[in-house]
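Trainee: This is the content of upload_11.txt (compact mmCIF, C-alpha atoms):
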# COMPACT_ATOMS: atom_id res chain seq x y z
CA MET A 13 4.58 -26.09 13.67
CA PRO A 14 4.77 -27.21 10.03
CA GLN A 15 3.98 -30.73 11.16
CA MET A 16 0.64 -29.45 12.34
CA TYR A 17 -0.40 -28.61 8.80
CA ILE A 18 0.79 -31.90 7.41
CA CYS A 19 -0.71 -33.79 10.30
CA VAL A 20 -4.10 -32.19 9.71
CA ILE A 21 -4.11 -33.46 6.16
CA LEU A 22 -2.58 -36.87 6.89
CA PRO A 23 -5.26 -38.17 9.30
CA LYS A 24 -7.88 -37.49 6.64
CA CYS A 25 -5.95 -39.74 4.26
CA ILE A 26 -5.39 -42.31 6.95
CA SER A 27 -9.00 -42.44 8.14
CA GLU A 28 -10.45 -42.64 4.64
CA PRO A 29 -8.95 -46.05 3.75
CA LYS A 30 -10.26 -47.32 7.08
CA MET A 31 -13.77 -46.19 6.19
CA ARG A 32 -13.45 -47.77 2.77
CA MET A 33 -12.34 -51.09 4.21
CA ARG A 34 -15.15 -51.22 6.76
CA ASN A 35 -17.94 -50.31 4.40
CA PRO A 36 -18.15 -53.52 2.36
CA SER A 37 -18.54 -55.44 5.59
CA ALA A 38 -21.45 -53.29 6.74
CA ASP A 39 -24.55 -54.67 5.08
CA ILE A 40 -26.61 -52.45 2.86
CA SER A 41 -29.87 -54.05 3.90
CA GLY A 42 -31.67 -51.28 5.73
CA PRO A 43 -30.61 -48.12 7.52
CA SER A 44 -27.81 -49.67 9.56
CA PRO A 45 -25.02 -47.28 10.56
CA LEU A 46 -22.62 -46.95 7.63
CA PHE A 47 -19.53 -46.14 9.70
CA GLU A 48 -18.47 -47.88 12.85
CA ASP A 49 -17.49 -45.82 15.79
CA THR A 50 -13.77 -45.24 15.35
CA SER A 51 -13.39 -43.01 18.37
CA THR A 52 -11.78 -45.79 20.38
CA GLY A 53 -9.28 -46.59 17.65
CA SER A 54 -5.84 -45.19 17.03
CA PRO A 55 -6.58 -41.75 15.52
CA PRO A 56 -7.37 -40.04 18.87
CA GLY A 57 -4.11 -41.35 20.31
CA GLY A 58 -2.30 -40.21 17.23
CA HIS A 59 -3.91 -36.79 17.46
CA ARG A 60 -3.04 -36.48 21.13
CA GLY A 61 0.56 -37.37 20.49
CA GLN A 62 0.82 -34.92 17.66
CA ASP A 63 -0.90 -32.10 19.51
CA LYS A 64 1.05 -32.11 22.74
CA GLY A 65 4.39 -33.27 21.45
CA PRO A 66 6.41 -36.17 22.69
CA VAL A 67 6.48 -35.05 26.32
CA ASN A 68 3.00 -35.36 27.82
CA TYR A 69 2.31 -39.07 27.74
CA PRO A 70 -0.74 -40.37 29.60
CA GLY A 71 -0.19 -42.40 32.75
CA GLN A 72 1.73 -39.97 34.92
CA SER A 73 2.26 -42.67 37.51
CA LEU A 74 5.04 -44.11 35.36
CA LEU A 75 7.18 -41.05 35.97
CA SER A 76 8.23 -42.24 39.38
CA ASP A 77 10.04 -45.23 37.95
CA PRO A 78 13.63 -44.23 37.02
CA MET A 79 13.83 -46.80 34.24
CA SER A 80 10.80 -45.41 32.51
CA ASN A 81 12.18 -41.94 33.10
CA LEU A 82 15.29 -42.89 31.21
CA ALA A 83 13.28 -44.55 28.48
CA MET A 84 11.09 -41.48 28.10
CA ALA A 85 14.08 -39.15 27.90
CA TYR A 86 15.68 -41.39 25.29
CA GLY A 87 12.44 -41.61 23.38
CA SER A 88 11.94 -37.87 23.37
CA SER A 89 15.50 -37.25 22.21
CA LEU A 90 14.97 -39.79 19.42
CA ALA A 91 11.79 -38.04 18.48
CA THR A 92 13.47 -34.61 18.31
CA GLN A 93 16.28 -36.09 16.24
CA GLY A 94 13.83 -37.67 13.87
CA LYS A 95 11.87 -34.46 13.63
CA GLU A 96 15.00 -32.46 12.78
CA MET A 97 16.04 -34.96 10.15
CA MET A 98 12.59 -34.98 8.63
CA ASP A 99 12.52 -31.18 8.65
CA LYS A 100 15.85 -30.97 6.91
CA ASN A 101 14.98 -33.53 4.25
CA LEU A 102 11.47 -32.28 3.70
CA ASP A 103 12.69 -28.74 3.26
CA ARG A 104 14.66 -29.83 0.24
CA PHE A 105 11.59 -30.97 -1.66
CA ILE A 106 8.80 -28.84 -0.31
CA PRO A 107 9.79 -25.32 0.78
CA ILE A 108 8.09 -25.39 4.15
CA SER A 109 8.96 -21.83 5.13
CA LYS A 110 7.53 -20.50 1.89
CA LEU A 111 4.42 -22.58 2.40
CA LYS A 112 3.94 -21.07 5.84
CA TYR A 113 3.49 -17.66 4.26
CA TYR A 114 0.54 -18.90 2.26
CA PHE A 115 -1.25 -20.19 5.32
CA ALA A 116 -0.86 -17.03 7.39
CA VAL A 117 -4.51 -16.13 7.17
CA ASP A 118 -7.21 -15.19 9.59
CA THR A 119 -10.99 -15.31 9.53
CA LEU A 120 -11.43 -11.75 8.33
CA TYR A 121 -9.16 -12.33 5.35
CA VAL A 122 -10.93 -15.55 4.42
CA GLY A 123 -14.33 -13.88 4.64
CA LYS A 124 -13.30 -10.92 2.53
CA LYS A 125 -11.52 -13.11 0.00
CA LEU A 126 -14.53 -15.37 -0.42
CA GLY A 127 -16.68 -12.31 -0.96
CA LEU A 128 -14.17 -11.04 -3.49
CA LEU A 129 -14.21 -14.34 -5.36
CA VAL A 130 -17.96 -14.20 -5.71
CA PHE A 131 -18.33 -10.46 -6.30
CA PRO A 132 -15.13 -8.88 -7.63
CA TYR A 133 -16.81 -6.00 -9.41
CA MET A 134 -16.60 -3.31 -6.75
CA HIS A 135 -13.02 -3.83 -5.68
CA GLN A 136 -10.75 -1.02 -6.82
CA ASN A 137 -7.20 -1.69 -5.81
CA TRP A 138 -5.88 -5.06 -6.90
CA GLU A 139 -2.21 -4.55 -6.19
CA VAL A 140 -0.31 -6.69 -3.75
CA SER A 141 1.37 -4.53 -1.17
CA TYR A 142 5.00 -5.16 -0.41
CA GLN A 143 7.03 -4.59 2.68
CA GLN A 144 10.69 -4.05 1.82
CA ASP A 145 10.75 -6.34 -1.17
CA THR A 146 8.82 -9.20 0.38
CA PRO A 147 5.09 -9.50 -0.13
CA VAL A 148 2.98 -8.86 2.91
CA ALA A 149 1.33 -11.86 4.55
CA PRO A 150 -2.21 -12.58 3.35
CA ARG A 151 -3.52 -11.63 6.76
CA PHE A 152 -2.79 -7.98 6.04
CA ASP A 153 -3.44 -7.75 2.34
CA ILE A 154 -6.55 -9.06 0.69
CA ASN A 155 -4.95 -9.19 -2.74
CA ALA A 156 -2.24 -11.61 -1.72
CA PRO A 157 -2.76 -15.22 -2.80
CA ASP A 158 -3.10 -17.85 -0.11
CA LEU A 159 -3.29 -21.61 -0.05
CA TYR A 160 -5.82 -22.00 2.74
CA ILE A 161 -8.89 -21.34 0.60
CA PRO A 162 -7.75 -23.61 -2.25
CA VAL A 163 -6.90 -26.52 0.07
CA MET A 164 -10.13 -26.21 2.02
CA GLY A 165 -12.05 -25.71 -1.20
CA PHE A 166 -10.57 -28.86 -2.69
CA ILE A 167 -11.48 -30.96 0.33
CA THR A 168 -14.96 -29.44 0.48
CA TYR A 169 -15.39 -30.08 -3.22
CA VAL A 170 -14.61 -33.77 -2.78
CA LEU A 171 -17.07 -33.98 0.12
CA VAL A 172 -19.80 -32.09 -1.73
CA ALA A 173 -19.26 -34.34 -4.76
CA GLY A 174 -19.78 -37.34 -2.50
CA LEU A 175 -22.92 -35.71 -1.12
CA ALA A 176 -24.28 -34.95 -4.58
CA LEU A 177 -23.64 -38.48 -5.78
CA GLY A 178 -25.17 -39.83 -2.62
CA THR A 179 -28.45 -38.04 -3.27
CA GLN A 180 -28.57 -39.80 -6.62
CA ASN A 181 -27.77 -43.21 -5.10
CA ARG A 182 -24.55 -43.38 -7.02
CA PHE A 183 -22.27 -43.22 -4.02
CA THR A 184 -19.58 -45.75 -3.22
CA PRO A 185 -16.59 -44.92 -1.01
CA GLU A 186 -14.21 -45.48 -3.89
CA ILE A 187 -15.55 -42.58 -5.89
CA LEU A 188 -14.43 -40.15 -3.18
CA GLY A 189 -10.86 -41.13 -3.95
CA MET A 190 -11.53 -41.05 -7.69
CA GLN A 191 -13.05 -37.57 -7.53
CA ALA A 192 -10.15 -36.32 -5.44
CA SER A 193 -7.49 -37.74 -7.74
CA SER A 194 -9.31 -36.57 -10.87
CA ALA A 195 -9.57 -33.02 -9.59
CA LEU A 196 -5.95 -33.13 -8.44
CA VAL A 197 -4.79 -34.38 -11.84
CA TRP A 198 -6.69 -31.62 -13.64
CA LEU A 199 -5.18 -29.07 -11.26
CA ILE A 200 -1.67 -30.35 -11.95
CA ILE A 201 -2.31 -30.33 -15.71
CA GLU A 202 -3.60 -26.78 -15.53
CA VAL A 203 -0.65 -25.54 -13.48
CA LEU A 204 1.84 -27.25 -15.82
CA ALA A 205 0.12 -25.80 -18.89
CA THR A 206 0.20 -22.34 -17.33
CA LEU A 207 3.87 -22.72 -16.45
CA LEU A 208 4.67 -23.86 -19.97
CA SER A 209 2.84 -20.97 -21.59
CA LEU A 210 4.43 -18.48 -19.20
CA TYR A 211 7.84 -19.86 -20.16
CA LEU A 212 7.10 -19.68 -23.87
CA VAL A 213 5.96 -16.08 -23.74
CA THR A 214 9.04 -15.12 -21.67
CA VAL A 215 7.17 -13.17 -19.10
CA ASN A 216 9.30 -11.63 -16.39
CA THR A 217 6.99 -12.11 -13.52
CA ASP A 218 7.29 -12.94 -9.87
CA LEU A 219 4.53 -15.51 -10.06
CA THR A 220 5.81 -18.63 -8.35
CA THR A 221 4.47 -22.12 -8.90
CA ILE A 222 2.69 -21.98 -5.56
CA ASP A 223 1.00 -18.73 -6.63
CA LEU A 224 -0.29 -20.49 -9.72
CA VAL A 225 -1.56 -23.39 -7.63
CA ALA A 226 -3.32 -20.89 -5.39
CA PHE A 227 -4.95 -19.07 -8.31
CA SER A 228 -6.03 -22.31 -9.92
CA GLY A 229 -7.47 -23.46 -6.63
CA TYR A 230 -9.76 -20.49 -6.24
CA LYS A 231 -12.25 -21.94 -8.69
CA TYR A 232 -13.23 -24.67 -6.23
CA VAL A 233 -15.26 -22.06 -4.35
CA GLY A 234 -17.42 -21.41 -7.41
CA MET A 235 -17.72 -25.12 -8.11
CA ILE A 236 -18.93 -25.82 -4.59
CA MET A 237 -21.52 -23.05 -4.80
CA GLY A 238 -22.75 -24.37 -8.14
CA VAL A 239 -23.10 -27.93 -6.95
CA LEU A 240 -24.81 -26.89 -3.71
CA SER A 241 -27.37 -24.75 -5.48
CA GLY A 242 -27.83 -27.58 -7.95
CA LEU A 243 -28.66 -29.82 -5.03
CA LEU A 244 -31.08 -27.29 -3.56
CA PHE A 245 -32.75 -25.89 -6.64
CA GLY A 246 -32.22 -28.42 -9.42
CA ARG A 247 -30.58 -27.91 -12.75
CA THR A 248 -31.69 -24.32 -13.28
CA GLY A 249 -30.19 -23.33 -9.93
CA TYR A 250 -26.99 -25.10 -10.87
CA TYR A 251 -26.69 -23.37 -14.23
CA LEU A 252 -27.54 -19.93 -12.85
CA SER A 253 -25.10 -20.02 -9.98
CA LEU A 254 -22.42 -21.65 -12.13
CA LEU A 255 -22.83 -18.86 -14.67
CA TRP A 256 -22.51 -16.24 -11.97
CA CYS A 257 -19.44 -17.88 -10.41
CA CYS A 258 -17.80 -18.45 -13.80
CA LEU A 259 -18.18 -14.78 -14.63
CA SER A 260 -16.84 -13.71 -11.25
CA ILE A 261 -13.83 -15.99 -11.46
CA PHE A 262 -13.14 -14.77 -14.99
CA VAL A 263 -13.14 -11.13 -13.89
CA PHE A 264 -11.17 -11.94 -10.73
CA MET A 265 -8.46 -13.80 -12.62
CA ILE A 266 -8.13 -11.16 -15.31
CA ARG A 267 -7.85 -8.34 -12.80
CA THR A 268 -5.36 -10.22 -10.63
CA LEU A 269 -3.18 -11.61 -13.41
CA ARG A 270 -3.16 -8.40 -15.38
CA LEU A 271 -1.00 -6.77 -12.76
CA LYS A 272 1.39 -9.68 -12.63
CA ILE A 273 1.83 -10.58 -16.27
CA LEU A 274 1.41 -7.40 -18.23
CA SER A 275 3.89 -4.59 -18.16
CA GLU A 276 3.30 -1.62 -15.91
CA ALA A 277 1.86 0.71 -18.49
CA ALA A 278 -0.57 -1.81 -19.89
CA ALA A 279 -1.74 -2.82 -16.47
CA GLU A 280 -2.94 0.70 -15.71
CA GLY A 281 -5.37 0.55 -18.57
CA VAL A 282 -3.38 2.53 -21.10
CA LEU A 283 -3.58 0.73 -24.42
CA VAL A 284 0.02 -0.13 -25.16
CA ARG A 285 0.52 -1.34 -28.67
CA GLY A 286 3.04 -3.98 -29.56
CA ALA A 287 3.00 -7.65 -30.19
CA LYS A 288 4.53 -8.47 -26.84
CA ASN A 289 1.78 -6.91 -24.76
CA GLN A 290 -0.90 -8.26 -27.01
CA LEU A 291 0.48 -11.77 -26.59
CA ARG A 292 0.54 -11.33 -22.84
CA MET A 293 -3.03 -10.09 -22.84
CA TYR A 294 -4.10 -13.13 -24.83
CA LEU A 295 -2.26 -15.34 -22.37
CA THR A 296 -4.03 -13.72 -19.42
CA MET A 297 -7.39 -14.11 -21.08
CA ALA A 298 -6.65 -17.75 -21.95
CA ILE A 299 -5.73 -18.54 -18.36
CA ALA A 300 -8.85 -16.80 -17.11
CA ALA A 301 -11.06 -18.49 -19.70
CA ALA A 302 -9.76 -21.92 -18.76
CA GLN A 303 -11.24 -21.53 -15.28
CA PRO A 304 -14.95 -21.62 -16.27
CA VAL A 305 -14.21 -24.53 -18.61
CA PHE A 306 -12.71 -26.54 -15.78
CA MET A 307 -15.47 -25.50 -13.43
CA TYR A 308 -18.10 -26.87 -15.78
CA TRP A 309 -16.08 -29.96 -16.67
CA LEU A 310 -15.56 -30.97 -13.06
CA THR A 311 -19.14 -30.47 -11.88
CA PHE A 312 -21.60 -31.22 -14.67
CA HIS A 313 -21.62 -34.94 -13.96
CA LEU A 314 -22.58 -34.31 -10.35
CA VAL A 315 -25.88 -32.59 -10.97
CA ARG A 316 -28.65 -34.50 -12.71
CA MET B 16 -12.87 -38.69 -16.84
CA ALA B 17 -11.78 -40.78 -13.91
CA PHE B 18 -8.10 -40.01 -13.74
CA THR B 19 -5.64 -41.46 -11.38
CA LEU B 20 -2.23 -40.06 -10.60
CA TYR B 21 -0.72 -43.01 -12.46
CA ALA B 22 -2.51 -41.89 -15.62
CA LEU B 23 -0.88 -38.49 -15.24
CA ILE B 24 2.55 -40.09 -14.85
CA GLN B 25 1.92 -42.21 -17.95
CA THR B 26 0.88 -39.13 -19.90
CA ALA B 27 4.03 -37.31 -18.85
CA ILE B 28 6.22 -40.27 -19.82
CA LEU B 29 4.56 -40.57 -23.22
CA LEU B 30 4.89 -36.86 -23.94
CA THR B 31 8.54 -36.79 -22.90
CA ASN B 32 9.20 -39.83 -25.06
CA ALA B 33 7.58 -38.08 -28.00
CA VAL B 34 9.85 -35.07 -27.59
CA ALA B 35 12.96 -37.21 -27.08
CA VAL B 36 12.33 -39.23 -30.22
CA LEU B 37 12.54 -36.24 -32.57
CA HIS B 38 15.73 -36.64 -34.58
CA GLU B 39 17.98 -33.65 -34.95
CA GLU B 40 19.24 -33.89 -38.51
CA ARG B 41 16.65 -36.10 -40.10
CA PHE B 42 13.62 -34.18 -38.99
CA LEU B 43 14.13 -30.99 -37.07
CA SER B 44 16.58 -29.38 -39.45
CA LYS B 45 14.38 -30.33 -42.39
CA ILE B 46 11.46 -28.34 -41.04
CA GLY B 47 13.58 -25.48 -39.86
CA TRP B 48 13.43 -26.34 -36.18
CA GLY B 49 17.08 -27.25 -35.81
CA ALA B 50 19.13 -26.30 -32.80
CA ASP B 51 21.06 -23.62 -34.64
CA GLN B 52 18.06 -22.14 -36.38
CA GLY B 53 16.31 -20.90 -33.31
CA ILE B 54 18.74 -18.37 -31.98
CA GLY B 55 17.54 -15.30 -33.82
CA GLY B 56 19.25 -12.04 -33.10
CA PHE B 57 20.35 -10.90 -29.68
CA GLY B 58 17.44 -8.50 -29.61
CA ASP B 59 14.91 -7.94 -26.88
CA GLU B 60 13.77 -11.39 -26.09
CA PRO B 61 13.59 -14.59 -28.01
CA GLY B 62 10.25 -15.16 -29.65
CA ILE B 63 7.98 -18.08 -29.07
CA LYS B 64 9.65 -20.20 -31.76
CA ALA B 65 13.10 -19.72 -30.24
CA GLN B 66 11.79 -20.60 -26.78
CA LEU B 67 10.09 -23.69 -28.11
CA LEU B 68 13.22 -24.87 -29.94
CA ASN B 69 15.24 -24.22 -26.82
CA LEU B 70 12.80 -26.24 -24.79
CA ILE B 71 12.87 -29.17 -27.22
CA ARG B 72 16.65 -29.16 -27.31
CA SER B 73 16.98 -29.04 -23.53
CA VAL B 74 14.40 -31.76 -22.99
CA ARG B 75 16.22 -33.98 -25.43
CA THR B 76 19.59 -33.33 -23.84
CA VAL B 77 18.49 -33.72 -20.26
CA MET B 78 15.93 -36.48 -20.43
CA ARG B 79 17.67 -38.94 -22.79
CA VAL B 80 19.31 -41.05 -20.10
CA PRO B 81 16.65 -40.84 -17.35
CA LEU B 82 14.03 -41.80 -19.90
CA ILE B 83 15.79 -45.10 -20.46
CA ALA B 84 15.42 -45.94 -16.80
CA VAL B 85 11.86 -44.62 -16.50
CA ASN B 86 10.73 -46.48 -19.62
CA SER B 87 12.25 -49.72 -18.38
CA VAL B 88 10.47 -49.37 -15.06
CA CYS B 89 7.20 -48.63 -16.86
CA ILE B 90 7.60 -51.66 -19.13
CA VAL B 91 8.33 -53.96 -16.22
CA LEU B 92 5.30 -52.63 -14.34
CA LEU B 93 3.07 -53.12 -17.36
CA LEU B 94 4.33 -56.65 -17.86
CA LEU B 95 3.81 -57.54 -14.24
CA PHE B 96 0.50 -55.83 -13.55
CA GLY B 97 -1.12 -55.38 -16.92
Hey, can you dump this file as structure tokens for me?
Mentor:
Amino acid sequence: MPQMYICVILPKCISEPKMRMRNPSADISGPSPLFEDTSTGSPPGGHRGQDKGPVNYPGQSLLSDPMSNLAMAYGSSLATQGKEMMDKNLDRFIPISKLKYYFAVDTLYVGKKLGLLVFPYMHQNWEVSYQQDTPVAPRFDINAPDLYIPVMGFITYVLVAGLALGTQNRFTPEILGMQASSALVWLIIEVLATLLSLYLVTVNTDLTTIDLVAFSGYKYVGMIMGVLSGLLFGRTGYYLSLLWCCLSIFVFMIRTLRLKILSEAAAEGVLVRGAKNQLRMYLTMAIAAAQPVFMYWLTFHLVR
Amino acid sequence: MAFTLYALIQTAILLTNAVAVLHEERFLSKIGWGADQGIGGFGDEPGIKAQLLNLIRSVRTVMRVPLIAVNSVCIVLLLLFG
């Protein structure tokens, strides 16, 4: 099952270099098709193999031959061995089981979460509900962070950036990769800076690194909305919707992080004096204020 | 603005080098950031300064030897590919 997630992302990376290599050969003189038809190439076969597993190979007539039977059994056992080895080794670097929790979402959750990201002002209860010491899956609790929206938002952002640059005749296939790596680098820098500041302020929190990645990835939704309205309505539309989304993300981050970083008493709104809580409040506000800055920084060059 | 992942790696290497180069007795003790000057009392929690000094000391202890290897690799790459 975890291979499904990785395999969804991998074909995108694999098919992009192919598009980039074919584009220079396609001539720019006139409205000729920019992308050749790759449906007869290897990706469909790769997809089929990954979807159905190593058992259901096409050409069922080969099954009657005992030699090919043996070869298929050997091949499938090799494949399971390789899969187990890859699982074991991959689990050391990327905690796959923990990642699965962040992708346990359904359509209702995604819809409500997107609405919350754009309009967080009416929501009352921001606490994450627990079930015997483990947080409940995002499917059942709207306040739980997930990785589905950030990942999809990142990919959509790269595509929308390509679209925006295309409308200004500044598009080349290389800039898709540049936009993606730029945004990824800024995300990594932001997560590292947040981790460093959380370490320096000695906050006892259960915020994991993946939680921070998820929270930093929520701003892509606002960025996409800003760029799209900039495409539709020009610069004023871009600035208005960016302002709205910046404000919403600011409020969303403050309300979510307040419960995780500040102590219990301060989180309930009681003004607790003391340098420690004040420092934590400043930290929360700094993290929340960095989001609009990044949102503007990553999108202003896309809208002219 | 166009960053690549390699630029991020270079930034990280440069920053780690900067922290590893700080000399203990010639510099850090002179400005009161020595290894023994950070451990305040055993009160609630260490303050920001103590955490920062701890971080600098641990980075210097841990990253000294790996940085030799990483810097050599980076130099070779720069020589070969400019």
Trainee: Chain A near chain B within 7 Å: what's each residue's closest atom pair and its distance in Å to one decimal, counting all atoms listed in the file, ordered by chain then ascending residue number, as a tab-separated table?
Mentor:
residue	atom	partner	partner_atom	distance
A:Met190	CA	B:Ala17	CA	6.2
A:Ser193	CA	B:Thr19	CA	5.5
A:Ser194	CA	B:Phe18	CA	4.6
A:Val197	CA	B:Leu20	CA	6.4
A:Leu212	CA	B:Ile63	CA	5.5
A:Val213	CA	B:Ile63	CA	6.0
Trainee: Output the selection as a PDB file, keeping the file's coordinate frame - C-alpha atoms for each residue.
Mentor:
ATOM      1  CA  MET A 190     -11.530 -41.050  -7.690  1.00  0.00           C
ATOM      2  CA  SER A 193      -7.490 -37.740  -7.740  1.00  0.00           C
ATOM      3  CA  SER A 194      -9.310 -36.570 -10.870  1.00  0.00           C
ATOM      4  CA  VAL A 197      -4.790 -34.380 -11.840  1.00  0.00           C
ATOM      5  CA  LEU A 212       7.100 -19.680 -23.870  1.00  0.00           C
ATOM      6  CA  VAL A 213       5.960 -16.080 -23.740  1.00  0.00           C
TER       7      VAL A 213
END
Trainee: Write out as number ranges by chain the residues lying within 12 Å of Met78 (chain B), counting all atoms listed in the file and excluding same-chain residues fewer than 5 positions away.
Mentor: B: 28, 30-36, 70-73, 83-86
Trainee: Can you work out the spacing between CA of Ile273 (chain A) and CA of Asn216 (chain A) in Å, to one decimal?
Mentor: 7.5 Å
Trainee: How many Å lie between CA of Lys231 (chain A) and CA of Thr184 (chain A), rounded to one decimal?
Mentor: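 Separation of CA of Lys231 (chain A) and CA of Thr184 (chain A): 25.5 Å.
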Trainee: Kindly provide, as an NGL selection string, the polymer residues lying within 12 Å of (-0.7, -7.6, -2.6), counting only C-alpha atoms and using the coordinates exactly as they appear in the file.
Mentor: :A and (137-143 or 145-158 or 223 or 268-269 or 271-272)
Trainee: At a cut-off of 12 Å from (-17.0, -28.8, -16.8) in the coordinates of the file, what residues are picked up using only C-alpha atoms, written as a ChimeraX atom specification?
Mentor: /A:195,198,231-232,234-235,238-239,251,254-255,258,302-315 /B:16
Trainee: What separation in Å, quoted to one decimal, exists between CA of Phe115 (chain A) and CA of Leu219 (chain A)?
Mentor: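 Between CA of Phe115 (chain A) and CA of Leu219 (chain A) the gap is 17.1 Å.
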